[in-house]
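Text of the file my_file_38.cif, holding mmCIF, C-alpha atoms:
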```
data_run
#
loop_
_atom_site.label_atom_id
_atom_site.label_comp_id
_atom_site.auth_asym_id
_atom_site.auth_seq_id
_atom_site.Cartn_x
_atom_site.Cartn_y
_atom_site.Cartn_z
CA MET A 1 191.07 6.74 9.99
CA GLY A 2 192.80 3.83 8.19
CA GLY A 3 195.61 4.22 5.68
CA ALA A 4 193.45 3.87 2.54
CA ALA A 5 190.74 6.18 3.88
CA ARG A 6 193.35 8.75 4.92
CA PHE A 7 194.96 8.57 1.48
CA ARG A 8 191.57 9.12 -0.24
CA ASP A 9 190.85 12.07 2.07
CA LEU A 10 194.25 13.66 1.34
CA LEU A 11 193.78 13.06 -2.38
CA ARG A 12 190.28 14.61 -2.30
CA ARG A 13 191.60 17.69 -0.43
CA SER A 14 194.55 17.97 -2.80
CA LEU A 15 192.29 17.82 -5.86
CA PHE A 16 189.98 20.44 -4.30
CA LEU A 17 192.93 22.75 -3.64
CA GLN A 18 194.28 22.23 -7.16
CA SER A 19 190.86 22.95 -8.65
CA THR A 20 190.47 26.10 -6.55
CA PHE A 21 194.01 27.26 -7.41
CA LEU A 22 193.50 26.69 -11.15
CA GLN A 23 190.26 28.66 -11.09
CA GLU A 24 191.97 31.56 -9.34
CA CYS A 25 195.34 31.31 -11.15
CA PRO A 26 194.80 29.66 -14.51
CA VAL A 27 197.86 28.14 -16.16
CA PRO A 28 198.45 29.87 -19.49
CA ALA A 29 197.72 27.56 -22.40
CA THR A 30 199.93 27.24 -25.41
CA LEU A 31 199.14 29.70 -28.19
CA THR A 32 197.15 27.10 -30.10
CA GLN A 33 196.08 23.60 -29.25
CA PRO A 34 198.86 21.32 -30.56
CA GLU A 35 198.12 17.98 -32.14
CA LEU A 36 199.80 14.67 -31.42
CA LEU A 37 203.04 14.60 -33.39
CA HIS A 38 205.16 11.64 -34.38
CA ARG A 39 208.26 12.47 -36.39
CA PRO A 40 210.08 9.37 -37.68
CA ALA A 41 213.86 9.23 -37.33
CA ASP A 42 214.43 10.04 -41.01
CA ALA A 43 211.92 12.90 -41.20
CA GLY A 44 211.93 16.61 -40.37
CA LEU A 45 213.38 19.63 -42.10
CA THR A 46 217.17 19.37 -42.11
CA PHE A 47 219.59 22.27 -42.45
CA TRP A 48 223.32 22.73 -42.84
CA GLY A 49 224.96 25.07 -40.38
CA PRO A 50 228.58 26.03 -40.70
CA GLY A 51 229.70 22.38 -40.70
CA ASP A 52 226.92 21.21 -38.37
CA MET A 53 223.63 19.62 -39.41
CA TYR A 54 220.32 20.37 -37.69
CA ARG A 55 217.07 18.41 -37.97
CA PHE A 56 213.85 20.03 -36.77
CA LEU A 57 211.99 17.70 -34.40
CA VAL A 58 209.08 19.96 -33.42
CA THR A 59 208.43 23.58 -34.37
CA GLY A 60 206.51 26.28 -32.60
CA GLU A 61 203.67 25.83 -35.04
CA GLU A 62 203.49 22.17 -34.03
CA SER A 63 203.82 22.82 -30.26
CA GLY A 64 201.34 25.66 -30.08
CA GLY A 65 204.21 28.12 -29.62
CA ALA A 66 205.40 26.44 -26.44
CA TYR A 67 208.78 25.18 -27.63
CA PHE A 68 211.04 24.27 -30.54
CA ALA A 69 213.34 21.24 -30.54
CA MET A 70 216.00 20.13 -32.98
CA GLU A 71 218.65 17.46 -33.25
CA ALA A 72 222.20 18.68 -33.82
CA PHE A 73 224.95 16.64 -35.48
CA VAL A 74 228.21 18.40 -34.63
CA PRO A 75 231.52 17.31 -36.16
CA PRO A 76 234.86 17.71 -34.37
CA GLY A 77 235.59 21.43 -34.13
CA GLY A 78 231.94 22.36 -34.70
CA GLY A 79 229.70 24.70 -32.75
CA PRO A 80 228.69 28.38 -32.76
CA PRO A 81 230.59 31.32 -31.25
CA PRO A 82 229.55 32.70 -27.85
CA HIS A 83 226.12 34.30 -28.00
CA ILE A 84 223.08 35.36 -25.96
CA HIS A 85 219.42 34.54 -26.54
CA ARG A 86 217.19 37.36 -25.30
CA ASN A 87 213.88 35.62 -26.06
CA GLU A 88 214.22 31.98 -25.07
CA ASP A 89 215.81 29.50 -22.69
CA GLU A 90 217.86 26.71 -24.29
CA THR A 91 218.54 23.16 -23.18
CA PHE A 92 220.97 20.52 -24.38
CA TYR A 93 220.53 16.76 -24.01
CA ILE A 94 223.58 14.78 -25.19
CA VAL A 95 222.74 11.65 -27.19
CA GLU A 96 226.16 10.66 -28.59
CA GLY A 97 229.69 11.86 -27.91
CA GLU A 98 230.81 14.75 -25.75
CA VAL A 99 230.52 18.51 -26.07
CA ASP A 100 232.05 21.45 -24.23
CA ILE A 101 229.38 23.92 -23.17
CA ARG A 102 230.23 27.42 -22.02
CA LEU A 103 227.84 29.16 -19.67
CA GLY A 104 229.17 32.58 -18.72
CA ASP A 105 232.80 32.07 -17.68
CA GLU A 106 232.33 28.39 -16.85
CA ILE A 107 233.07 25.59 -19.32
CA LEU A 108 231.84 22.07 -18.69
CA THR A 109 232.12 18.88 -20.69
CA ALA A 110 228.79 17.10 -21.13
CA GLY A 111 228.56 13.45 -22.18
CA VAL A 112 225.89 10.95 -23.15
CA GLY A 113 222.78 11.32 -21.00
CA ASP A 114 223.80 14.72 -19.60
CA PHE A 115 221.31 17.59 -19.61
CA VAL A 116 222.31 21.27 -19.53
CA ASN A 117 219.95 24.21 -19.05
CA VAL A 118 220.89 27.68 -20.29
CA PRO A 119 218.61 30.49 -19.09
CA ARG A 120 217.88 33.30 -21.50
CA GLY A 121 220.15 36.30 -21.26
CA ARG A 122 223.28 34.25 -20.49
CA VAL A 123 226.42 34.08 -22.63
CA HIS A 124 226.85 30.52 -23.87
CA CYS A 125 228.05 28.34 -26.72
CA PHE A 126 228.92 24.73 -27.44
CA HIS A 127 231.96 23.22 -29.10
CA ASN A 128 232.88 19.68 -30.06
CA SER A 129 236.52 19.54 -29.01
CA GLY A 130 236.64 15.76 -29.38
CA ALA A 131 237.82 13.61 -32.26
CA GLU A 132 234.37 12.08 -32.96
CA PRO A 133 231.09 13.62 -34.15
CA MET A 134 228.53 14.24 -31.44
CA ARG A 135 224.75 14.41 -31.42
CA MET A 136 222.41 16.27 -29.08
CA ILE A 137 218.84 17.51 -28.76
CA LEU A 138 218.40 21.26 -28.30
CA THR A 139 215.14 22.70 -27.01
CA PHE A 140 214.18 26.37 -27.01
CA THR A 141 211.38 27.77 -24.88
CA PRO A 142 209.28 29.50 -26.05
CA ALA A 143 209.36 28.69 -29.75
CA GLY A 144 210.21 31.16 -32.49
CA ILE A 145 213.96 30.82 -32.92
CA GLU A 146 213.40 28.23 -35.65
CA ARG A 147 212.66 31.17 -37.96
CA PHE A 148 216.26 32.34 -37.37
CA PHE A 149 217.59 28.94 -38.45
CA GLU A 150 215.28 28.82 -41.47
CA GLU A 151 216.49 32.28 -42.49
CA THR A 152 220.21 31.71 -42.03
CA LEU A 153 220.97 28.04 -42.73
CA GLU A 154 220.86 26.08 -45.98
CA ARG A 155 218.38 23.24 -46.46
CA ALA A 156 220.09 19.83 -46.45
CA LEU A 157 218.04 18.13 -49.13
CA ASP A 158 220.40 15.13 -49.01
CA PRO A 159 221.90 14.81 -45.51
CA THR A 160 224.13 11.96 -46.68
CA LEU A 161 226.24 14.41 -48.70
CA PRO A 162 229.14 16.25 -47.05
CA PRO A 163 228.30 19.70 -45.68
CA PRO A 164 228.81 22.66 -47.99
CA ASP A 165 231.80 24.92 -47.44
CA ASN A 166 229.59 27.84 -46.39
CA VAL A 167 231.02 29.10 -43.10
CA ASP A 168 231.55 32.68 -44.29
CA GLU A 169 228.10 32.92 -45.89
CA VAL A 170 226.32 31.50 -42.84
CA ALA A 171 228.32 33.75 -40.49
CA ALA A 172 227.25 36.82 -42.52
CA ARG A 173 223.60 35.71 -42.42
CA TYR A 174 223.87 35.09 -38.65
CA VAL A 175 225.17 38.61 -38.07
CA ALA A 176 222.44 40.17 -40.25
CA ALA A 177 219.53 38.15 -38.82
CA ALA A 178 220.52 37.94 -35.14
CA PRO A 179 219.10 41.32 -34.00
CA ARG A 180 215.70 40.52 -35.55
CA HIS A 181 215.56 37.30 -33.48
CA GLY A 182 216.85 38.57 -30.14
CA ILE A 183 220.30 36.99 -30.52
CA GLU A 184 223.59 38.72 -29.83
CA PHE A 185 226.84 37.16 -31.04
CA LEU A 186 229.91 38.19 -29.08
#
```
Would you mind giving the structure from this file in structure tokens?
Amino acid sequence: MGGAARFRDLLRRSLFLQSTFLQECPVPATLTQPELLHRPADAGLTFWGPGDMYRFLVTGEESGGAYFAMEAFVPPGGGPPPHIHRNEDETFYIVEGEVDIRLGDEILTAGVGDFVNVPRGRVHCFHNSGAEPMRMILTFTPAGIERFFEETLERALDPTLPPPDNVDEVAARYVAAAPRHGIEFL
């Protein structure tokens, strides 16, 4: 059998096996059928954290419950204390600057283009120890944690203004809301 014929035969067998496997072991669908989403660079709900700013890129409602993603703008010294997510995995993709990420007892410095995966149930945090602001994309799988951020952070109606001096208030809301959202701050 020639190369092209062999390739077609392998492809046909592969498709048959995939079809058979999917019939026997269906892949779970997202909770609802998501629609195509385009979020322009200046759009999306924006919130002030304790010094940080977060912009929602896609929510669980928009992804059919599959995932939630947000953009984080973290000034020097910014970042949350060590914590554990019980309900979701978290990823970090660094867009600008550098950030120290703690995973368990290990601390690594991630720079532009680096990707870090944090499995659920693991102690972690991030901290901008540099002199410049940094920006990264955080993704949480499955979705749902965005409700924690909506509950605890303040809406940034004008992101061009300086962040409010609200560290104590946000910390108190974090502590109160964390158990309801499967988060444990250490």
Please evaluate the PyMOL selection byres ((chain A and resi 141) around 6) against the displayed coordinates and give the resulting residues as an MDAnalysis selection string.
chainID A and resid 67 88:89 140 142:143
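With all atoms listed in the file as the atoms that count, the minimum distance from Thr59 of chain A to the choices A:Ala131, A:Val95, A:Val74, A:Gly44 is reached by A:Gly44.
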Please evaluate the PyMOL selection byres ((chain A and resi 167) around 12) against the displayed coordinates and give the resulting residues as a PyMOL selection string.
chain A and resi 48-52+78-80+152-154+163-166+168-174
Test item: the PyMOL selection byres ((chain A and resi 86) around 12) resolved as a ChimeraX atom specification
/A:83-85,87-90,118-124,140-142,144-145,178-185
From the options A:Cys125, A:Tyr93, A:Gly60, A:Gly130, which residue's atoms come nearest to Asp105 of chain A, counting all atoms listed in the file?
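Checking each candidate against Asp105 of chain A, we get A:Cys125 as the closest.
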Please compute the atom CA of Thr46 of chain A-atom CA of Arg155 of chain A distance, one decimal, in Å.
5.9 Å
One decimal, in Å: what's the spacing between atom CA of Glu35 of chain A and atom CA of Glu61 of chain A?
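Answer for the atom CA of Glu35 of chain A to atom CA of Glu61 of chain A separation: 10.0 Å.
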Spatial neighbours of Gly77 of chain A, max dist 7 Å, only C-alpha atoms, sep filter under 2 positions, as a PDB file with C-alpha atoms, in the coordinates of the input:
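Saved the output as result-v9.pdb:
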```pdb
ATOM      1  CA  PRO A  75     231.520  17.310 -36.160  1.00  0.00           C
ATOM      2  CA  GLY A  79     229.700  24.700 -32.750  1.00  0.00           C
ATOM      3  CA  HIS A 127     231.960  23.220 -29.100  1.00  0.00           C
ATOM      4  CA  ASN A 128     232.880  19.680 -30.060  1.00  0.00           C
ATOM      5  CA  SER A 129     236.520  19.540 -29.010  1.00  0.00           C
TER       6      SER A 129
END
```
Length of the atom CA of Leu57 of chain A to atom CA of Ala156 of chain A vector [Å]
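The value is 14.7 Å.
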Assuming the input is short of atoms at segment 154-169 of chain A, produce N, CA and C atoms for that part as an mmCIF file, keeping the file's coordinate frame.
```cif
data_model
loop_
_atom_site.group_PDB
_atom_site.id
_atom_site.type_symbol
_atom_site.label_atom_id
_atom_site.label_comp_id
_atom_site.auth_asym_id
_atom_site.auth_seq_id
_atom_site.Cartn_x
_atom_site.Cartn_y
_atom_site.Cartn_z
ATOM 1 N N GLU A 154 221.221 26.637 -44.672
ATOM 2 C CA GLU A 154 220.860 26.080 -45.980
ATOM 3 C C GLU A 154 220.167 24.738 -45.783
ATOM 4 N N ARG A 155 219.086 24.523 -46.537
ATOM 5 C CA ARG A 155 218.380 23.240 -46.460
ATOM 6 C C ARG A 155 219.322 22.116 -46.873
ATOM 7 N N ALA A 156 219.306 21.031 -46.122
ATOM 8 C CA ALA A 156 220.090 19.830 -46.450
ATOM 9 C C ALA A 156 219.121 18.856 -47.117
ATOM 10 N N LEU A 157 218.984 18.982 -48.413
ATOM 11 C CA LEU A 157 218.040 18.130 -49.130
ATOM 12 C C LEU A 157 218.515 16.682 -49.151
ATOM 13 N N ASP A 158 219.835 16.478 -49.100
ATOM 14 C CA ASP A 158 220.400 15.130 -49.010
ATOM 15 C C ASP A 158 221.427 15.121 -47.882
ATOM 16 N N PRO A 159 220.990 14.765 -46.663
ATOM 17 C CA PRO A 159 221.900 14.810 -45.510
ATOM 18 C C PRO A 159 223.051 13.806 -45.576
ATOM 19 N N THR A 160 223.029 12.915 -46.556
ATOM 20 C CA THR A 160 224.130 11.960 -46.680
ATOM 21 C C THR A 160 225.335 12.573 -47.383
ATOM 22 N N LEU A 161 225.139 13.723 -48.034
ATOM 23 C CA LEU A 161 226.240 14.410 -48.700
ATOM 24 C C LEU A 161 227.075 15.168 -47.666
ATOM 25 N N PRO A 162 228.337 15.448 -47.974
ATOM 26 C CA PRO A 162 229.140 16.250 -47.050
ATOM 27 C C PRO A 162 228.588 17.672 -46.947
ATOM 28 N N PRO A 163 228.820 18.336 -45.830
ATOM 29 C CA PRO A 163 228.300 19.700 -45.680
ATOM 30 C C PRO A 163 228.950 20.655 -46.666
ATOM 31 N N PRO A 164 228.216 21.666 -47.090
ATOM 32 C CA PRO A 164 228.810 22.660 -47.990
ATOM 33 C C PRO A 164 229.856 23.483 -47.259
ATOM 34 N N ASP A 165 230.774 24.037 -48.003
ATOM 35 C CA ASP A 165 231.800 24.920 -47.440
ATOM 36 C C ASP A 165 231.212 26.324 -47.416
ATOM 37 N N ASN A 166 230.368 26.594 -46.408
ATOM 38 C CA ASN A 166 229.590 27.840 -46.390
ATOM 39 C C ASN A 166 229.760 28.640 -45.112
ATOM 40 N N VAL A 167 230.845 28.449 -44.407
ATOM 41 C CA VAL A 167 231.020 29.100 -43.100
ATOM 42 C C VAL A 167 230.916 30.617 -43.210
ATOM 43 N N ASP A 168 231.580 31.223 -44.165
ATOM 44 C CA ASP A 168 231.550 32.680 -44.290
ATOM 45 C C ASP A 168 230.150 33.195 -44.610
ATOM 46 N N GLU A 169 229.453 32.499 -45.519
ATOM 47 C CA GLU A 169 228.100 32.920 -45.890
ATOM 48 C C GLU A 169 227.139 32.809 -44.712
#
```
